[in-house]
Each structure stands twice: as structure tokens, then as C-alpha cells.
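J.: Structure incoming, see below.
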Amino acid sequence: MKRTAQRRVGDRVPALAAAAAAVVCLLPGGTAVAGETDGEIDKAGSSPADTVAATDETCATSLPDSFWRAPVDKLPVHPNSARYVSSIGSSVPLHPDFGSGLSDGEPFGIPITVSDEKLPETKVTLDYADESDKTGYRIPQDAKIENGPASEGDRHVVVWDRDLCKSYELWNAKQEGDNAWHAGGGAVFDLTTNDLRPDGWTSADAAGLAILPGLVRHEEAESGHIDHAIRVTVPRSDRSHVWPARHQAGTAADPSLPPMGLRLRLKDSVDTSTMGPQAKAVAEALKKYGAIVADNGSAWFITGEENPGWDNAQLDALKAVKGSDFEAVDASGLQRSPDSGAVETK
């Protein structure tokens, strides 16, 4: 999906604009096409270096007691569930905003740049520095930008530094020579803690959360098991946020709209038995761990990494799921502390 960088609504920070939902369909012979137009998917092969290496559990993307890894399949349905789902779009299909190949000549998904070596600190200048981390970034020279370096979309940069066990995340990022970047906003996340950003602060996501832990990664889907919640966007959100989110970007003060941080889950009644293994792993994760409203964008767009290993035909099966197949859950009972992402143990 392509979005255009804009100012965020609320708290003096940029907004990630909604875009028209991309269309993915199958042509005769099983060729997958995705994009806002009838762009052709280029499935030219990529080298193994372009794929994310297998997870090093000494530096996982989130801790075992993080809200990202908390099951929500047994939590009570939120009393406002029906209104939330209706406002997002009951008849709108689920859309995996990631895959292999190209869409309209650009890669799609959010690339994860993995770094396993000590790097010098990167100079990052920011448009909205008051709610961004100004220092502490160590970004490789070859770090990838969402949708490619010529993109006019969100241009996220996500670096998984497994040496220091941190995630460096930029929004609307542009490289400015050797070891220097400019971005609309940015955040440094220490993956060894459950600390949340200061309340009221955004990140590279409107909700003020890390992007890396909420991305569907190819290697985990290929294994058949995704053990965390997934990042999802909604067209309009309320001017409020709920734990674990730290920031709102609402278009209106409207209790029928979902707040940032809302947890949604796929209903257990949804049949996943005919889905291919990649799609089934995603759907089952949405049942057990759910999705977290992280930004404004197209309805029911879940995000994953850019990776040549995705089978677009398998992922297309997820579009059979509709908004009405989801329900909002009351996740307030998971909270241990307002400023921590750790969940309460029962």
C-alpha cells in the first residue's frame, strides 16, 4: 500500500495518511498481482542476503512477557466491539500489506534491515524532534527504505540491531550522505526491556509503539507459528489511546471510532483449514494474539516484512476474511503498570 506522508492529527506531530486499499488478485496460471492499479508483480529472485536471518532468541523482537506476545483468545469481548468493527468496515476484506516481488514497480511490505555488528552512531535530523529520540541510532549504510528509495509513501526504516538488541525506527526517512539521515520522526527501542515511551509521545507509528515486533516476518510464517500480535491500520481513529499505546492521531472525538492501541482478534469460528501454510499462520496468530491498532491507514491492512519468500497466492487467501470476522477485546486486564508493556501474570 502506498501512503503519502502528511502531518499527523493531534499533538503537533506528523500523520501517516490513509490510502486507497490495494487490490490483490490472481490471474490465470496463479500469477499474483497487487497494487492500487493493475501493476504486474515482478518475481525476480533475490539473494539470500535480502532475507531476514532466522531469529536469534538472544535478541528477540519482544520479551516473553510483552503485550505483543500475550494471548487474547480468552479475553472478554469489548462492550463497544460492534461499533468499532463497523467504523473500520464490517464488509471490508482483510488485506496483507506485504508480499514478494513488485507492486507498481516498487517492493511492498516494510523491510527489516538486520545488523549484527557494532556500528558508529548515525546522525539523524528530525522534523518533529520534540517527541522523537534525537540520538542513539546506528543505521547501516545499506538500510532499506519502505517501498524503495524513490518512494513517496511512508518511507519507514526499521533496523533490528541484534548486537545491541535495539530497534531503530524512522518515518519519512531520507538518507543524506554517509552515516546521516533525515526523518519526520524516529524512535530507538531497547528490546531487552518492556519500557514504553513517555505518555503522549509518538514514534515511527502514530500509536507510539515499536513497529518491528508487530510485523509478520516470513521466517516465522514459514515455520507455521507466529507468536505475537500484528500491527493493523484503520481509516479513522478516536482522539484517544489505550494501553499500551502512548499517542493518539484521531480525526474526531468519537467513541464509535477505535482508539490507538485497541486490540482486535479474529473470531475462533473463522475456518482456516483451506488456507496455505503462510496464510494460515497469520490467521491463527490473529485468533490467538490479535491485532493492535497502530496507525491510521487503509482498513484492515496488516503489515509484514518485505521478503522475496512470500507466496502472494497464499497470502491472497486472507482476503476472504472480512471485518465482520473480527471482534474487539477488552485487554485492560493485561496491564501490569501504565508505563510498562509487560503483562500481568495470572
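Note on naming: chains are A, B, ... as they come in the C-alpha cells, residues start from 1 per chain, ligands start from 1 in the order shown.
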Which of segment 90-204 of chain A end up as strand (DSSP E) when DSSP is run on this backbone - answer as a PyMOL selection string?
T.: chain A and resi 95-96+102-103+106-107+112-115+123-126+157-161+166-171+174-175+180-183+185-190
J.: Could the residues in this selection be written to a file with N, CA, C and O atoms, as a compact mmCIF listing (two decimals), in the first residue's frame?
T.:
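Output below, filename result.txt:
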```
# COMPACT_ATOMS: atom_id res chain seq x y z
N HIS A 95 -6.48 -7.29 4.52
CA HIS A 95 -5.51 -7.13 3.44
C HIS A 95 -4.09 -7.25 3.97
O HIS A 95 -3.68 -6.44 4.80
N PRO A 96 -3.32 -8.24 3.52
CA PRO A 96 -1.91 -8.32 3.90
C PRO A 96 -1.11 -7.29 3.09
O PRO A 96 -1.00 -7.41 1.87
N LEU A 102 7.17 -6.98 -6.92
CA LEU A 102 6.95 -5.54 -7.00
C LEU A 102 5.49 -5.21 -7.20
O LEU A 102 4.75 -5.97 -7.83
N SER A 103 5.08 -4.08 -6.70
CA SER A 103 3.75 -3.53 -6.93
C SER A 103 3.94 -2.14 -7.50
O SER A 103 4.57 -1.28 -6.86
N GLU A 106 7.46 -1.08 -7.36
CA GLU A 106 8.12 -0.92 -6.07
C GLU A 106 7.92 -2.15 -5.21
O GLU A 106 6.87 -2.81 -5.28
N PRO A 107 8.89 -2.49 -4.36
CA PRO A 107 8.68 -3.56 -3.40
C PRO A 107 7.63 -3.15 -2.38
O PRO A 107 7.40 -1.95 -2.17
N ILE A 112 12.99 -5.14 6.85
CA ILE A 112 13.73 -5.19 8.11
C ILE A 112 15.21 -5.31 7.77
O ILE A 112 15.63 -6.28 7.15
N THR A 113 15.98 -4.32 8.16
CA THR A 113 17.42 -4.38 7.97
C THR A 113 18.04 -4.94 9.24
O THR A 113 17.86 -4.38 10.32
N VAL A 114 18.72 -6.08 9.12
CA VAL A 114 19.31 -6.74 10.27
C VAL A 114 20.78 -6.35 10.39
O VAL A 114 21.53 -6.39 9.41
N SER A 115 21.18 -5.95 11.58
CA SER A 115 22.57 -5.60 11.84
C SER A 115 23.09 -6.44 13.00
O SER A 115 22.49 -6.46 14.08
N LYS A 123 24.08 10.08 12.54
CA LYS A 123 23.47 11.39 12.74
C LYS A 123 22.08 11.39 12.11
O LYS A 123 21.93 11.11 10.92
N VAL A 124 21.07 11.68 12.90
CA VAL A 124 19.69 11.74 12.41
C VAL A 124 19.11 13.10 12.76
O VAL A 124 19.06 13.48 13.93
N THR A 125 18.67 13.85 11.76
CA THR A 125 17.95 15.10 12.00
C THR A 125 16.47 14.83 11.79
O THR A 125 16.08 13.99 10.96
N LEU A 126 15.62 15.54 12.52
CA LEU A 126 14.20 15.21 12.60
C LEU A 126 13.34 16.45 12.45
O LEU A 126 13.65 17.51 12.99
N VAL A 157 11.98 3.16 7.89
CA VAL A 157 13.23 2.42 8.01
C VAL A 157 13.19 1.71 9.36
O VAL A 157 12.94 2.34 10.39
N VAL A 158 13.39 0.40 9.34
CA VAL A 158 13.40 -0.41 10.57
C VAL A 158 14.70 -1.20 10.59
O VAL A 158 14.95 -2.01 9.70
N VAL A 159 15.53 -0.96 11.59
CA VAL A 159 16.80 -1.66 11.74
C VAL A 159 16.76 -2.49 13.01
O VAL A 159 16.58 -1.95 14.12
N TRP A 160 16.94 -3.78 12.87
CA TRP A 160 16.98 -4.71 14.00
C TRP A 160 18.46 -4.92 14.34
O TRP A 160 19.16 -5.68 13.70
N ASP A 161 18.94 -4.18 15.34
CA ASP A 161 20.33 -4.27 15.79
C ASP A 161 20.43 -5.39 16.81
O ASP A 161 20.13 -5.19 18.00
N LYS A 166 18.48 -3.66 19.88
CA LYS A 166 17.63 -2.48 19.77
C LYS A 166 16.96 -2.45 18.41
O LYS A 166 17.40 -3.13 17.47
N SER A 167 15.91 -1.68 18.31
CA SER A 167 15.26 -1.43 17.03
C SER A 167 15.28 0.07 16.78
O SER A 167 14.81 0.85 17.61
N TYR A 168 15.86 0.47 15.64
CA TYR A 168 15.90 1.88 15.24
C TYR A 168 14.84 2.07 14.17
O TYR A 168 14.88 1.40 13.13
N GLU A 169 13.92 3.00 14.40
CA GLU A 169 12.77 3.12 13.51
C GLU A 169 12.56 4.59 13.12
O GLU A 169 12.46 5.47 13.98
N LEU A 170 12.50 4.82 11.82
CA LEU A 170 12.29 6.16 11.28
C LEU A 170 11.06 6.19 10.40
O LEU A 170 10.72 5.19 9.76
N TRP A 171 10.43 7.35 10.36
CA TRP A 171 9.30 7.58 9.46
C TRP A 171 9.66 8.72 8.51
O TRP A 171 10.28 9.70 8.91
N LYS A 174 15.01 9.77 4.83
CA LYS A 174 15.80 10.05 3.63
C LYS A 174 17.27 10.04 4.01
O LYS A 174 17.67 10.69 4.99
N GLN A 175 18.08 9.30 3.25
CA GLN A 175 19.50 9.24 3.51
C GLN A 175 20.17 10.53 3.02
O GLN A 175 19.86 11.04 1.94
N ALA A 180 24.34 9.54 7.68
CA ALA A 180 23.46 10.64 8.06
C ALA A 180 22.09 10.44 7.42
O ALA A 180 22.00 10.09 6.24
N TRP A 181 21.04 10.68 8.20
CA TRP A 181 19.66 10.53 7.72
C TRP A 181 18.85 11.73 8.20
O TRP A 181 19.15 12.34 9.22
N HIS A 182 17.77 11.99 7.46
CA HIS A 182 16.77 12.95 7.90
C HIS A 182 15.43 12.22 7.91
O HIS A 182 15.15 11.39 7.04
N ALA A 183 14.60 12.51 8.91
CA ALA A 183 13.30 11.82 9.03
C ALA A 183 12.27 12.74 9.63
O ALA A 183 12.60 13.73 10.30
N GLY A 185 10.09 11.65 11.93
CA GLY A 185 10.13 11.27 13.34
C GLY A 185 10.87 9.97 13.50
O GLY A 185 11.07 9.23 12.52
N GLY A 186 11.29 9.68 14.71
CA GLY A 186 12.04 8.44 14.92
C GLY A 186 12.06 8.03 16.38
O GLY A 186 11.78 8.82 17.29
N ALA A 187 12.39 6.76 16.60
CA ALA A 187 12.44 6.22 17.95
C ALA A 187 13.48 5.10 18.01
O ALA A 187 13.70 4.39 17.03
N VAL A 188 14.09 4.99 19.19
CA VAL A 188 15.03 3.90 19.48
C VAL A 188 14.38 3.03 20.56
O VAL A 188 14.04 3.53 21.64
N PHE A 189 14.19 1.75 20.26
CA PHE A 189 13.56 0.84 21.21
C PHE A 189 14.58 -0.17 21.72
O PHE A 189 15.23 -0.86 20.94
N ASP A 190 14.71 -0.25 23.04
CA ASP A 190 15.55 -1.26 23.69
C ASP A 190 14.71 -2.53 23.81
O ASP A 190 13.74 -2.57 24.58
```
J.: Can you pull out the residues contacting Pro277 of chain A? Cut-off 8 Å, using only C-alpha atoms, and skip same-chain residues under 6 positions away; I want them as a ChimeraX atom specification.
T.: /A:221-222,224,314
J.: From the set A:Ser151, A:Asp178, A:Phe108, A:His225, which residue has the shortest atom-to-atom contact distance to Pro308 of chain A, counting only C-alpha atoms?
T.: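 Checking each of A:Ser151, A:Asp178, A:Phe108, A:His225 against Pro308 of chain A, counting only C-alpha atoms, the winner is A:Phe108.
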J.: May I ask which of the residues A:Pro120, A:Pro71, A:Pro244, A:Pro258 is the closest one to Ala229 of chain A, counting only C-alpha atoms?
T.: A:Pro71
J.: Leaving out segment 85-90 of chain A and any residue of its chain fewer than 6 positions from it, which residues lie within 7 Å of it when counting only C-alpha atoms, given as an mmCIF file with all heavy atoms, in the first residue's frame?
T.:
```cif
data_model
loop_
_atom_site.group_PDB
_atom_site.id
_atom_site.type_symbol
_atom_site.label_atom_id
_atom_site.label_comp_id
_atom_site.auth_asym_id
_atom_site.auth_seq_id
_atom_site.Cartn_x
_atom_site.Cartn_y
_atom_site.Cartn_z
ATOM 1 N N VAL A 234 -6.249 1.500 10.578
ATOM 2 C CA VAL A 234 -7.677 1.773 10.449
ATOM 3 C C VAL A 234 -7.851 3.133 9.762
ATOM 4 O O VAL A 234 -6.992 4.001 9.888
ATOM 5 C CB VAL A 234 -8.384 1.772 11.821
ATOM 6 C CG1 VAL A 234 -8.253 0.411 12.493
ATOM 7 C CG2 VAL A 234 -7.822 2.869 12.730
ATOM 8 N N PRO A 235 -8.971 3.343 9.046
ATOM 9 C CA PRO A 235 -9.147 4.604 8.306
ATOM 10 C C PRO A 235 -9.257 5.827 9.203
ATOM 11 O O PRO A 235 -8.711 6.880 8.902
ATOM 12 C CB PRO A 235 -10.434 4.382 7.521
ATOM 13 C CG PRO A 235 -10.640 2.918 7.491
ATOM 14 C CD PRO A 235 -10.051 2.391 8.760
ATOM 15 N N SER A 256 -17.287 5.886 18.805
ATOM 16 C CA SER A 256 -17.517 4.738 17.927
ATOM 17 C C SER A 256 -16.267 4.388 17.128
ATOM 18 O O SER A 256 -16.197 3.336 16.501
ATOM 19 C CB SER A 256 -18.675 5.012 16.965
ATOM 20 O OG SER A 256 -18.327 5.991 16.004
ATOM 21 N N LEU A 257 -15.272 5.285 17.146
ATOM 22 C CA LEU A 257 -14.033 5.041 16.426
ATOM 23 C C LEU A 257 -13.027 4.347 17.338
ATOM 24 O O LEU A 257 -12.979 4.623 18.541
ATOM 25 C CB LEU A 257 -13.437 6.362 15.923
ATOM 26 C CG LEU A 257 -14.278 7.159 14.934
ATOM 27 C CD1 LEU A 257 -13.594 8.489 14.612
ATOM 28 C CD2 LEU A 257 -14.523 6.361 13.667
ATOM 29 N N ALA A 299 -8.294 0.379 5.759
ATOM 30 C CA ALA A 299 -8.998 -0.504 6.685
ATOM 31 C C ALA A 299 -8.481 -1.928 6.629
ATOM 32 O O ALA A 299 -8.320 -2.495 5.554
ATOM 33 C CB ALA A 299 -10.495 -0.497 6.370
ATOM 34 N N LYS A 322 -13.318 -11.006 6.376
ATOM 35 C CA LYS A 322 -13.921 -9.672 6.358
ATOM 36 C C LYS A 322 -13.844 -9.037 7.750
ATOM 37 O O LYS A 322 -13.607 -9.709 8.754
ATOM 38 C CB LYS A 322 -15.390 -9.756 5.919
ATOM 39 C CG LYS A 322 -15.597 -10.319 4.516
ATOM 40 C CD LYS A 322 -15.072 -9.374 3.449
ATOM 41 C CE LYS A 322 -15.499 -9.786 2.050
ATOM 42 N NZ LYS A 322 -14.923 -11.061 1.613
ATOM 43 N N GLY A 323 -14.093 -7.737 7.789
ATOM 44 C CA GLY A 323 -14.092 -7.044 9.064
ATOM 45 C C GLY A 323 -15.050 -7.653 10.069
ATOM 46 O O GLY A 323 -14.765 -7.690 11.273
ATOM 47 N N SER A 324 -16.189 -8.128 9.587
ATOM 48 C CA SER A 324 -17.174 -8.737 10.481
ATOM 49 C C SER A 324 -16.676 -10.018 11.132
ATOM 50 O O SER A 324 -17.304 -10.523 12.072
ATOM 51 C CB SER A 324 -18.468 -9.015 9.722
ATOM 52 O OG SER A 324 -18.222 -9.857 8.604
ATOM 53 N N GLU A 327 -13.506 -9.120 16.227
ATOM 54 C CA GLU A 327 -14.159 -8.514 17.375
ATOM 55 C C GLU A 327 -13.099 -7.811 18.213
ATOM 56 O O GLU A 327 -11.929 -8.236 18.252
ATOM 57 C CB GLU A 327 -14.898 -9.559 18.214
ATOM 58 C CG GLU A 327 -14.023 -10.701 18.703
ATOM 59 C CD GLU A 327 -14.835 -11.883 19.205
ATOM 60 O OE1 GLU A 327 -16.085 -11.824 19.174
ATOM 61 O OE2 GLU A 327 -14.212 -12.893 19.616
#
```
J.: Which polymer residues have any atom within 8 Å of an atom of Trp201 of chain A, counting only C-alpha atoms, with same-chain residues fewer than 5 positions away left out, as a list of chain:residue names?
T.: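 Once the nearby chain positions are removed, what remains is A:Glu131, A:Ser132, A:Gly208, A:Arg246, A:His247.
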J.: Could you write out the selected residues, including N, CA, C and O atoms, as a short mmCIF file (atom, residue, chain, number, x, y, z; two decimals), in the first residue's frame?
T.:
```cif
data_model
loop_
_atom_site.label_atom_id
_atom_site.label_comp_id
_atom_site.auth_asym_id
_atom_site.auth_seq_id
_atom_site.Cartn_x
_atom_site.Cartn_y
_atom_site.Cartn_z
N GLU A 131 9.10 14.86 20.15
CA GLU A 131 8.60 13.56 20.61
C GLU A 131 9.39 12.42 19.98
O GLU A 131 8.94 11.27 19.98
N SER A 132 10.57 12.72 19.45
CA SER A 132 11.43 11.71 18.85
C SER A 132 12.68 11.52 19.70
O SER A 132 13.05 12.39 20.50
N GLY A 208 2.76 5.34 18.92
CA GLY A 208 3.92 5.44 19.80
C GLY A 208 4.53 4.11 20.15
O GLY A 208 5.34 4.02 21.09
N ARG A 246 0.78 4.99 23.33
CA ARG A 246 1.21 6.18 24.05
C ARG A 246 0.76 7.47 23.38
O ARG A 246 1.00 8.56 23.91
N HIS A 247 0.10 7.35 22.24
CA HIS A 247 -0.19 8.55 21.45
C HIS A 247 -1.45 8.31 20.63
O HIS A 247 -1.76 7.17 20.27
#
```
J.: Considering only C-alpha atoms, return as a PyMOL selection string whatever protein or nucleic-acid residues lie within 9 Å of Leu63 of chain A, sequence-local ones (same chain, fewer than 2 positions apart) excluded.
T.: chain A and resi 59-61+65-69+191-194+342
J.: Once DSSP has gone over the backbone, tell me which residues of segment 60-237 of chain A are in helix (DSSP H, G or I), as a list of chain:residue names.
T.: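 The helix (DSSP H, G or I) residues within segment 60-237 of chain A come out as A:Phe67, A:Trp68, A:Arg69, A:Ser81, A:Ala82, A:Arg83, A:Tyr84, A:Val85, A:Ser86, A:Ser87, A:Ile88, A:Ala129, A:Asp130, A:Glu131, A:Leu212, A:Pro213, A:Gly214, A:His218, A:Glu219, A:Glu220, A:Ala221, A:Glu222, A:Ser223.
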